[in-house]
Amino acid sequence: MLVSLYRYNPETDTKPTMQDYELDLPAGKDLMVLDVLELLKRKDVSIAYRRSCREGVCGSDGMNINGTNGLACITPVSSAAKGGKLILRPLPGLPVVRDLVVDMAVFYKQFEKVQPFLINDQPTPAIERLQSPEDREKLDGLYECILCACCSTNCPSFWWNPDKFIGPAGLLQAYRFLADSRDTATDERLANLEDPFSVFRCRGIMNCVAVCPKGLNPTRAIGHIRSMLLQRAT
Amino acid sequence: MVTNVTNFGRSGLYDWVIQRLTAVVLAVYFVFFLSYLLFNPDVNYQQWQALFSTTWMRIASLLALLAICAHAWIGLWTISTDYLTSDMIGAKATVIRFLFQTGCVVLMFIYLVWGIQILWGI
Ligand code: SF4
Ligand code: SF4
Ligand code: FES
C-alpha cells in the first residue's frame, strides 16, 4: 500500500513536503488508518502524530485522510484509500507543530469563550441539581462532543476568522449549556454571542456535520442559538 | 463578544435580520417587475412612465433601492472581513479593508441619491 504523508518540521524545513512510503499490510485484515500510522512509525520513528485511546473517544487523532477530516483510529483503510493510496495531512487551517500534529490553541480559546460549564446562581442544593428526563433529553446530541476539531477545521468561516468565529465545536457546546435547564446564565451567554462574528459567521453549508465522527449536528445547534437570539431581541 | 467599529449595526443579529428582510423585499420587487414585463411584452414609454409616476411604485422602488443598499453593504462588509484580513493578505490588510469598506459606502450612497433623483425626476 502506498501512503503519502505530510511531513513538516518548522525548525528544520523551509516548507512542508509529501513523503511517500510503500508499506506491506497484513493480508485478510482491514486495518484502521491509525494502525497504518503505527506500522509506519516502526519504519520511521521521526513521524509525529497524536493518539491516545485508539477507539474514537479521546479525540486526539483528528486528521485529514484523503481529503476528509476524521479520526484515524476509527476510519478503516478500505473506505479511506479508495484509489489504493492513503493520503494523510494535518487538520487544515491550524498552525502545524510537526507533521500531523497541529497547534489547537485557537480552537481551545474559542471553546473557552463559550464558558463550557454550568452556571447557576441559586443556592447549592444538599445533594444534586435535579433535571427531568425530558430536560435531560435536550442535551442528547450535544454533550457527546469529544473536541476532536474535525468540524471546526473543515469550516471555511473558521479558516477565515479563527480568532473571531467560535466555530461549530464551540457553538455546539455553547448550545449545550443554553439548552440545559439547570443553567441560569442564558441571557448573559446569549449577549456574548450576538456580535457579527461569534455565531453569525456561520453560513450554514454544513461542512461540520459532514465530518463529525460522532455524528453530531453543529449546524442545527447554531440554528437553535440563532432562534434564541432572535427571541431574546423581539 | 467580538467588537467591530466598521459594522454599523454592531450586532450580528440585526445584520442577519436585515439581510433576510431586504432579501424578501428585493425578491417581491423583482418578481413583480418580471411579471409586469411578462404580461406587457410590448410596453411603451408612456405606459412605463405612468407606472413609475404612481406613488405606490415610487414607494416600492425606493424601498427596493434602500433594501439593495443595505443588503449589499452587509454582504460586502462580511466579504471584506472574511477575505481582506491579515491572515489572507498580510500586514496592510487593515488599510486595504478600510479603503474597500469606505469605497462600498460611498458607492452605495451615490447609487441611493442617484436612484432617488431618477425616481422623482420622471
Ligand atoms: S454550517 Fe456553519 S459552522 Fe458548520 S461548517 Fe458551515 S459555516 Fe461552519
Ligand atoms: S462536534 Fe464532532 S467533529 Fe466537532 S469537535 Fe465535537 S466530536 Fe469533533
Ligand atoms: S486515538 Fe482517541 S480518538 Fe482516535
# chains A, B, ... in the order shown; residues from 1 in each chain; ligands from 1

call {"tool": "residues_near_ligand", "arguments": {"ligand": "ligand 1", "cutoff": "9 Å", "atoms": "only C-alpha atoms and all ligand atoms", "output": "short mmCIF file (atom, residue, chain, number, x, y, z; two decimals) with C-alpha atoms, in the first residue's frame"}}
result
data_model
loop_
_atom_site.label_atom_id
_atom_site.label_comp_id
_atom_site.auth_asym_id
_atom_site.auth_seq_id
_atom_site.Cartn_x
_atom_site.Cartn_y
_atom_site.Cartn_z
CA CYS A 151 -15.62 20.03 12.31
CA SER A 152 -14.13 23.46 13.02
CA THR A 153 -11.09 22.78 10.83
CA ASN A 154 -13.43 21.81 8.00
CA CYS A 155 -15.34 25.08 8.24
CA PRO A 156 -14.36 27.90 5.83
CA SER A 157 -15.70 30.54 8.21
CA PHE A 158 -13.36 29.20 10.89
CA PHE A 165 -15.79 32.98 14.82
CA ILE A 166 -16.37 30.44 17.58
CA GLY A 167 -16.73 27.60 15.12
CA PRO A 168 -19.03 24.57 15.09
CA ALA A 169 -17.41 22.71 18.01
CA LEU A 171 -21.06 26.62 19.28
CA VAL A 199 -22.26 32.92 15.70
CA PHE A 200 -23.29 34.84 12.61
CA ARG A 201 -20.26 33.90 10.53
CA CYS A 202 -21.86 30.51 10.11
CA ARG A 203 -23.06 30.26 6.51
CA GLY A 204 -24.91 27.01 7.08
CA ILE A 205 -23.02 24.96 4.50
CA MET A 206 -22.87 22.01 6.90
CA ASN A 207 -19.24 21.07 6.28
CA CYS A 208 -19.11 20.45 10.02
CA VAL A 209 -21.97 17.97 10.01
CA ALA A 210 -20.41 16.08 7.10
CA ASN A 217 -25.02 18.25 14.11
CA PRO A 218 -23.46 21.64 14.98
CA THR A 219 -25.44 23.40 12.24
CA ARG A 220 -28.71 22.51 13.95
CA ILE A 222 -26.30 27.01 15.63
#

call {"tool": "closest_atom_pairs", "arguments": {"of": "chain A", "to": "ligand 3", "cutoff": "10 Å", "atoms": "only C-alpha atoms and all ligand atoms", "output": "JSON lines"}}
result
{"residue": "A:Val33", "atom": "CA", "partner": "ligand 3", "partner_atom_place_in_ligand_line": "4 (Fe)", "distance": 9.8}
{"residue": "A:Leu34", "atom": "CA", "partner": "ligand 3", "partner_atom_place_in_ligand_line": "4 (Fe)", "distance": 7.6}
{"residue": "A:Arg50", "atom": "CA", "partner": "ligand 3", "partner_atom_place_in_ligand_line": "1 (S)", "distance": 7.4}
{"residue": "A:Arg51", "atom": "CA", "partner": "ligand 3", "partner_atom_place_in_ligand_line": "1 (S)", "distance": 4.1}
{"residue": "A:Ser52", "atom": "CA", "partner": "ligand 3", "partner_atom_place_in_ligand_line": "1 (S)", "distance": 4.4}
{"residue": "A:Cys53", "atom": "CA", "partner": "ligand 3", "partner_atom_place_in_ligand_line": "2 (Fe)", "distance": 3.9}
{"residue": "A:Arg54", "atom": "CA", "partner": "ligand 3", "partner_atom_place_in_ligand_line": "1 (S)", "distance": 3.6}
{"residue": "A:Glu55", "atom": "CA", "partner": "ligand 3", "partner_atom_place_in_ligand_line": "4 (Fe)", "distance": 5.5}
{"residue": "A:Gly56", "atom": "CA", "partner": "ligand 3", "partner_atom_place_in_ligand_line": "3 (S)", "distance": 3.4}
{"residue": "A:Val57", "atom": "CA", "partner": "ligand 3", "partner_atom_place_in_ligand_line": "3 (S)", "distance": 4.6}
{"residue": "A:Cys58", "atom": "CA", "partner": "ligand 3", "partner_atom_place_in_ligand_line": "2 (Fe)", "distance": 3.8}
{"residue": "A:Gly59", "atom": "CA", "partner": "ligand 3", "partner_atom_place_in_ligand_line": "3 (S)", "distance": 3.8}
{"residue": "A:Ser60", "atom": "CA", "partner": "ligand 3", "partner_atom_place_in_ligand_line": "2 (Fe)", "distance": 5.1}
{"residue": "A:Asp61", "atom": "CA", "partner": "ligand 3", "partner_atom_place_in_ligand_line": "4 (Fe)", "distance": 4.6}
{"residue": "A:Gly62", "atom": "CA", "partner": "ligand 3", "partner_atom_place_in_ligand_line": "4 (Fe)", "distance": 6.9}
{"residue": "A:Met63", "atom": "CA", "partner": "ligand 3", "partner_atom_place_in_ligand_line": "4 (Fe)", "distance": 9.7}
{"residue": "A:Gly70", "atom": "CA", "partner": "ligand 3", "partner_atom_place_in_ligand_line": "4 (Fe)", "distance": 9.0}
{"residue": "A:Leu71", "atom": "CA", "partner": "ligand 3", "partner_atom_place_in_ligand_line": "4 (Fe)", "distance": 5.2}
{"residue": "A:Ala72", "atom": "CA", "partner": "ligand 3", "partner_atom_place_in_ligand_line": "4 (Fe)", "distance": 5.8}
{"residue": "A:Cys73", "atom": "CA", "partner": "ligand 3", "partner_atom_place_in_ligand_line": "4 (Fe)", "distance": 4.4}
{"residue": "A:Ile74", "atom": "CA", "partner": "ligand 3", "partner_atom_place_in_ligand_line": "4 (Fe)", "distance": 6.7}
{"residue": "A:Thr75", "atom": "CA", "partner": "ligand 3", "partner_atom_place_in_ligand_line": "4 (Fe)", "distance": 9.1}
{"residue": "A:Ile146", "atom": "CA", "partner": "ligand 3", "partner_atom_place_in_ligand_line": "3 (S)", "distance": 8.1}
{"residue": "A:Leu147", "atom": "CA", "partner": "ligand 3", "partner_atom_place_in_ligand_line": "3 (S)", "distance": 9.7}
{"residue": "A:Cys148", "atom": "CA", "partner": "ligand 3", "partner_atom_place_in_ligand_line": "3 (S)", "distance": 7.5}
{"residue": "A:Pro213", "atom": "CA", "partner": "ligand 3", "partner_atom_place_in_ligand_line": "3 (S)", "distance": 9.2}

call {"tool": "closest_atom_pairs", "arguments": {"of": "chain B", "to": "chain A", "cutoff": "6 Å", "atoms": "only C-alpha atoms", "output": "Markdown table"}}
result
| residue | atom | partner | partner_atom | distance |
| --- | --- | --- | --- | --- |
| B:Met1 | CA | A:Asn192 | CA | 4.6 |
| B:Val2 | CA | A:Asp195 | CA | 5.9 |
| B:Ser11 | CA | A:Asp195 | CA | 4.6 |
| B:Gly12 | CA | A:Pro196 | CA | 3.4 |
| B:Leu13 | CA | A:Glu194 | CA | 5.9 |
| B:Asp82 | CA | A:Trp160 | CA | 5.4 |

call {"tool": "select_by_dssp", "arguments": {"residues": "chain B", "states": "helix (DSSP H, G or I)", "output": "PyMOL selection string"}}
result
chain B and resi 12-39+45-53+55-83+86-89+93-121

call {"tool": "closest_residue", "arguments": {"among": "B:Cys104, B:Val5, B:Leu34, B:Leu119", "to": "B:Leu76", "atoms": "only C-alpha atoms"}}
result
B:Cys104

call {"tool": "atom_distance", "arguments": {"atom1": "atom CA of B:Gly121", "atom2": "atom CA of B:Arg58"}}
result
11.0 Å

call {"tool": "select_by_dssp", "arguments": {"residues": "chain A", "states": "strand (DSSP E)", "output": "number ranges by chain"}}
result
A: 2-7, 17-22, 62-65, 68-71, 85-89, 96-98, 101-102

call {"tool": "residues_around", "arguments": {"residues": "B:Leu62", "least_positions_apart": "4", "cutoff": "10 Å", "atoms": "only C-alpha atoms", "output": "PyMOL selection string"}}
result
chain B and resi 56-58+66-68+112+115-116+119

call {"tool": "atom_distance", "arguments": {"atom1": "atom CA of A:Glu144", "atom2": "atom 7 (S, counted along the ligand's line) of ligand 2"}}
result
6.9 Å

call {"tool": "atom_distance", "arguments": {"atom1": "atom CA of A:Ser181", "atom2": "atom 6 (Fe, counted along the ligand's line) of ligand 2"}}
result
21.5 Å

call {"tool": "closest_residue", "arguments": {"among": "A:Ile87, A:Asp183, A:Phe107, A:Leu139", "to": "ligand 2", "atoms": "only C-alpha atoms and all ligand atoms"}}
result
A:Phe107

call {"tool": "residues_around", "arguments": {"residues": "B:Asp15", "least_positions_apart": "3", "cutoff": "10 Å", "atoms": "only C-alpha atoms", "output": "list in words"}}
result
Asp195, Pro196 and Phe200 of chain A; Asn7, Phe8, Gly9, Arg10, Ser11, Gly12, Ile18, Gln19, Arg20, Leu21, Ala70, His71, Trp73, Ile74, Gly75 and Thr78 of chain B

call {"tool": "residues_around", "arguments": {"residues": "A:Gly141", "least_positions_apart": "6", "cutoff": "9 Å", "atoms": "only C-alpha atoms", "output": "PyMOL selection string"}}
result
chain A and resi 176+214-217

call {"tool": "write_last_selection", "arguments": {"atoms": "all heavy atoms", "output": "JSON list (two decimals), in the first residue's frame"}}
result
[["chain", "number", "residue", "atom", "x", "y", "z"],
["A", 176, "ARG", "N", -25.15, 23.55, 24.18],
["A", 176, "ARG", "CA", -25.31, 22.52, 25.21],
["A", 176, "ARG", "C", -25.65, 23.16, 26.57],
["A", 176, "ARG", "O", -26.44, 22.62, 27.33],
["A", 176, "ARG", "CB", -24.04, 21.66, 25.30],
["A", 176, "ARG", "CG", -24.12, 20.52, 26.31],
["A", 176, "ARG", "CD", -23.14, 20.78, 27.43],
["A", 176, "ARG", "NE", -23.33, 19.85, 28.53],
["A", 176, "ARG", "CZ", -24.23, 20.03, 29.51],
["A", 176, "ARG", "NH1", -25.04, 21.08, 29.49],
["A", 176, "ARG", "NH2", -24.34, 19.16, 30.48],
["A", 214, "LYS", "N", -18.64, 11.70, 15.51],
["A", 214, "LYS", "CA", -19.63, 11.28, 16.48],
["A", 214, "LYS", "C", -21.05, 11.46, 15.94],
["A", 214, "LYS", "O", -22.03, 11.30, 16.67],
["A", 214, "LYS", "CB", -19.47, 12.11, 17.77],
["A", 214, "LYS", "CG", -18.17, 11.83, 18.50],
["A", 214, "LYS", "CD", -18.06, 10.36, 18.76],
["A", 214, "LYS", "CE", -17.35, 9.99, 20.01],
["A", 214, "LYS", "NZ", -17.24, 8.53, 20.14],
["A", 215, "GLY", "N", -21.17, 11.86, 14.70],
["A", 215, "GLY", "CA", -22.48, 12.03, 14.08],
["A", 215, "GLY", "C", -23.29, 13.16, 14.67],
["A", 215, "GLY", "O", -24.52, 13.14, 14.65],
["A", 216, "LEU", "N", -22.61, 14.18, 15.20],
["A", 216, "LEU", "CA", -23.34, 15.30, 15.80],
["A", 216, "LEU", "C", -23.66, 16.36, 14.73],
["A", 216, "LEU", "O", -23.12, 16.33, 13.63],
["A", 216, "LEU", "CB", -22.51, 15.92, 16.93],
["A", 216, "LEU", "CG", -22.00, 14.92, 17.97],
["A", 216, "LEU", "CD1", -21.15, 15.60, 19.02],
["A", 216, "LEU", "CD2", -23.18, 14.18, 18.61],
["A", 217, "ASN", "N", -24.55, 17.27, 15.09],
["A", 217, "ASN", "CA", -25.02, 18.25, 14.11],
["A", 217, "ASN", "C", -24.86, 19.69, 14.63],
["A", 217, "ASN", "O", -25.82, 20.29, 15.12],
["A", 217, "ASN", "CB", -26.48, 17.95, 13.79],
["A", 217, "ASN", "CG", -26.98, 18.75, 12.60],
["A", 217, "ASN", "OD1", -26.50, 19.86, 12.34],
["A", 217, "ASN", "ND2", -27.94, 18.22, 11.88]]

call {"tool": "decode", "arguments": {"residues": "stretch 27-39 of chain B", "atoms": "all heavy atoms", "output": "PDB file, in the first residue's frame"}}
result
ATOM      1  N   ALA B  27     -36.848  40.304  -3.504  1.00  0.00           N
ATOM      2  CA  ALA B  27     -37.480  39.206  -4.244  1.00  0.00           C
ATOM      3  C   ALA B  27     -38.872  39.616  -4.722  1.00  0.00           C
ATOM      4  O   ALA B  27     -39.210  39.450  -5.899  1.00  0.00           O
ATOM      5  CB  ALA B  27     -37.562  37.964  -3.364  1.00  0.00           C
ATOM      6  N   VAL B  28     -39.680  40.212  -3.810  1.00  0.00           N
ATOM      7  CA  VAL B  28     -41.036  40.620  -4.176  1.00  0.00           C
ATOM      8  C   VAL B  28     -40.989  41.658  -5.299  1.00  0.00           C
ATOM      9  O   VAL B  28     -41.695  41.566  -6.303  1.00  0.00           O
ATOM     10  CB  VAL B  28     -41.785  41.189  -2.935  1.00  0.00           C
ATOM     11  CG1 VAL B  28     -43.104  41.825  -3.354  1.00  0.00           C
ATOM     12  CG2 VAL B  28     -42.008  40.084  -1.917  1.00  0.00           C
ATOM     13  N   TYR B  29     -40.100  42.637  -5.149  1.00  0.00           N
ATOM     14  CA  TYR B  29     -39.994  43.713  -6.141  1.00  0.00           C
ATOM     15  C   TYR B  29     -39.642  43.156  -7.520  1.00  0.00           C
ATOM     16  O   TYR B  29     -40.265  43.501  -8.517  1.00  0.00           O
ATOM     17  CB  TYR B  29     -38.935  44.713  -5.690  1.00  0.00           C
ATOM     18  CG  TYR B  29     -38.878  45.970  -6.549  1.00  0.00           C
ATOM     19  CD1 TYR B  29     -39.823  46.978  -6.386  1.00  0.00           C
ATOM     20  CD2 TYR B  29     -37.881  46.122  -7.504  1.00  0.00           C
ATOM     21  CE1 TYR B  29     -39.774  48.127  -7.166  1.00  0.00           C
ATOM     22  CE2 TYR B  29     -37.825  47.265  -8.291  1.00  0.00           C
ATOM     23  CZ  TYR B  29     -38.772  48.269  -8.114  1.00  0.00           C
ATOM     24  OH  TYR B  29     -38.722  49.397  -8.884  1.00  0.00           O
ATOM     25  N   PHE B  30     -38.658  42.267  -7.562  1.00  0.00           N
ATOM     26  CA  PHE B  30     -38.219  41.775  -8.868  1.00  0.00           C
ATOM     27  C   PHE B  30     -39.198  40.779  -9.479  1.00  0.00           C
ATOM     28  O   PHE B  30     -39.350  40.737 -10.693  1.00  0.00           O
ATOM     29  CB  PHE B  30     -36.803  41.210  -8.784  1.00  0.00           C
ATOM     30  CG  PHE B  30     -35.786  42.305  -8.774  1.00  0.00           C
ATOM     31  CD1 PHE B  30     -35.111  42.659  -7.616  1.00  0.00           C
ATOM     32  CD2 PHE B  30     -35.543  43.043  -9.936  1.00  0.00           C
ATOM     33  CE1 PHE B  30     -34.206  43.709  -7.605  1.00  0.00           C
ATOM     34  CE2 PHE B  30     -34.626  44.090  -9.939  1.00  0.00           C
ATOM     35  CZ  PHE B  30     -33.954  44.429  -8.771  1.00  0.00           C
ATOM     36  N   VAL B  31     -39.890  40.038  -8.639  1.00  0.00           N
ATOM     37  CA  VAL B  31     -40.921  39.145  -9.175  1.00  0.00           C
ATOM     38  C   VAL B  31     -42.029  39.986  -9.796  1.00  0.00           C
ATOM     39  O   VAL B  31     -42.501  39.710 -10.912  1.00  0.00           O
ATOM     40  CB  VAL B  31     -41.487  38.214  -8.074  1.00  0.00           C
ATOM     41  CG1 VAL B  31     -42.779  37.549  -8.535  1.00  0.00           C
ATOM     42  CG2 VAL B  31     -40.456  37.163  -7.698  1.00  0.00           C
ATOM     43  N   PHE B  32     -42.417  41.081  -9.107  1.00  0.00           N
ATOM     44  CA  PHE B  32     -43.417  41.977  -9.675  1.00  0.00           C
ATOM     45  C   PHE B  32     -42.930  42.534 -11.009  1.00  0.00           C
ATOM     46  O   PHE B  32     -43.638  42.532 -12.015  1.00  0.00           O
ATOM     47  CB  PHE B  32     -43.708  43.145  -8.717  1.00  0.00           C
ATOM     48  CG  PHE B  32     -44.404  44.292  -9.394  1.00  0.00           C
ATOM     49  CD1 PHE B  32     -45.769  44.235  -9.669  1.00  0.00           C
ATOM     50  CD2 PHE B  32     -43.689  45.401  -9.818  1.00  0.00           C
ATOM     51  CE1 PHE B  32     -46.395  45.263 -10.334  1.00  0.00           C
ATOM     52  CE2 PHE B  32     -44.308  46.439 -10.481  1.00  0.00           C
ATOM     53  CZ  PHE B  32     -45.670  46.371 -10.745  1.00  0.00           C
ATOM     54  N   PHE B  33     -41.694  43.002 -11.009  1.00  0.00           N
ATOM     55  CA  PHE B  33     -41.087  43.602 -12.185  1.00  0.00           C
ATOM     56  C   PHE B  33     -41.099  42.647 -13.376  1.00  0.00           C
ATOM     57  O   PHE B  33     -41.535  42.981 -14.474  1.00  0.00           O
ATOM     58  CB  PHE B  33     -39.632  43.938 -11.846  1.00  0.00           C
ATOM     59  CG  PHE B  33     -39.222  45.264 -12.340  1.00  0.00           C
ATOM     60  CD1 PHE B  33     -39.517  46.409 -11.615  1.00  0.00           C
ATOM     61  CD2 PHE B  33     -38.539  45.377 -13.537  1.00  0.00           C
ATOM     62  CE1 PHE B  33     -39.136  47.644 -12.088  1.00  0.00           C
ATOM     63  CE2 PHE B  33     -38.153  46.615 -14.011  1.00  0.00           C
ATOM     64  CZ  PHE B  33     -38.449  47.747 -13.289  1.00  0.00           C
ATOM     65  N   LEU B  34     -40.636  41.437 -13.130  1.00  0.00           N
ATOM     66  CA  LEU B  34     -40.562  40.448 -14.201  1.00  0.00           C
ATOM     67  C   LEU B  34     -41.949  40.096 -14.713  1.00  0.00           C
ATOM     68  O   LEU B  34     -42.172  40.005 -15.920  1.00  0.00           O
ATOM     69  CB  LEU B  34     -39.831  39.188 -13.709  1.00  0.00           C
ATOM     70  CG  LEU B  34     -38.322  39.347 -13.566  1.00  0.00           C
ATOM     71  CD1 LEU B  34     -37.692  38.051 -13.077  1.00  0.00           C
ATOM     72  CD2 LEU B  34     -37.694  39.757 -14.908  1.00  0.00           C
ATOM     73  N   SER B  35     -42.890  39.934 -13.768  1.00  0.00           N
ATOM     74  CA  SER B  35     -44.222  39.550 -14.237  1.00  0.00           C
ATOM     75  C   SER B  35     -44.882  40.705 -14.999  1.00  0.00           C
ATOM     76  O   SER B  35     -45.612  40.475 -15.956  1.00  0.00           O
ATOM     77  CB  SER B  35     -45.111  39.048 -13.099  1.00  0.00           C
ATOM     78  OG  SER B  35     -44.775  39.645 -11.894  1.00  0.00           O
ATOM     79  N   TYR B  36     -44.570  41.940 -14.593  1.00  0.00           N
ATOM     80  CA  TYR B  36     -45.098  43.080 -15.346  1.00  0.00           C
ATOM     81  C   TYR B  36     -44.591  43.026 -16.790  1.00  0.00           C
ATOM     82  O   TYR B  36     -45.357  43.179 -17.744  1.00  0.00           O
ATOM     83  CB  TYR B  36     -44.673  44.403 -14.685  1.00  0.00           C
ATOM     84  CG  TYR B  36     -45.209  45.634 -15.399  1.00  0.00           C
ATOM     85  CD1 TYR B  36     -46.481  46.122 -15.104  1.00  0.00           C
ATOM     86  CD2 TYR B  36     -44.444  46.282 -16.358  1.00  0.00           C
ATOM     87  CE1 TYR B  36     -46.980  47.230 -15.761  1.00  0.00           C
ATOM     88  CE2 TYR B  36     -44.934  47.387 -17.027  1.00  0.00           C
ATOM     89  CZ  TYR B  36     -46.204  47.864 -16.724  1.00  0.00           C
ATOM     90  OH  TYR B  36     -46.692  48.953 -17.389  1.00  0.00           O
ATOM     91  N   LEU B  37     -43.305  42.794 -16.949  1.00  0.00           N
ATOM     92  CA  LEU B  37     -42.719  42.737 -18.290  1.00  0.00           C
ATOM     93  C   LEU B  37     -43.247  41.542 -19.075  1.00  0.00           C
ATOM     94  O   LEU B  37     -43.433  41.595 -20.282  1.00  0.00           O
ATOM     95  CB  LEU B  37     -41.193  42.657 -18.192  1.00  0.00           C
ATOM     96  CG  LEU B  37     -40.512  43.946 -17.741  1.00  0.00           C
ATOM     97  CD1 LEU B  37     -39.011  43.742 -17.616  1.00  0.00           C
ATOM     98  CD2 LEU B  37     -40.810  45.085 -18.716  1.00  0.00           C
ATOM     99  N   LEU B  38     -43.518  40.461 -18.344  1.00  0.00           N
ATOM    100  CA  LEU B  38     -44.001  39.242 -18.986  1.00  0.00           C
ATOM    101  C   LEU B  38     -45.423  39.447 -19.520  1.00  0.00           C
ATOM    102  O   LEU B  38     -45.762  39.015 -20.625  1.00  0.00           O
ATOM    103  CB  LEU B  38     -43.983  38.109 -17.950  1.00  0.00           C
ATOM    104  CG  LEU B  38     -43.618  36.730 -18.475  1.00  0.00           C
ATOM    105  CD1 LEU B  38     -42.200  36.746 -19.042  1.00  0.00           C
ATOM    106  CD2 LEU B  38     -43.714  35.707 -17.347  1.00  0.00           C
ATOM    107  N   PHE B  39     -46.252  40.161 -18.712  1.00  0.00           N
ATOM    108  CA  PHE B  39     -47.645  40.353 -19.129  1.00  0.00           C
ATOM    109  C   PHE B  39     -47.809  41.542 -20.078  1.00  0.00           C
ATOM    110  O   PHE B  39     -48.811  41.677 -20.756  1.00  0.00           O
ATOM    111  CB  PHE B  39     -48.547  40.521 -17.897  1.00  0.00           C
ATOM    112  CG  PHE B  39     -48.746  39.232 -17.164  1.00  0.00           C
ATOM    113  CD1 PHE B  39     -48.176  39.008 -15.915  1.00  0.00           C
ATOM    114  CD2 PHE B  39     -49.488  38.193 -17.754  1.00  0.00           C
ATOM    115  CE1 PHE B  39     -48.336  37.804 -15.252  1.00  0.00           C
ATOM    116  CE2 PHE B  39     -49.649  36.982 -17.097  1.00  0.00           C
ATOM    117  CZ  PHE B  39     -49.073  36.783 -15.846  1.00  0.00           C
TER     118      PHE B  39
END
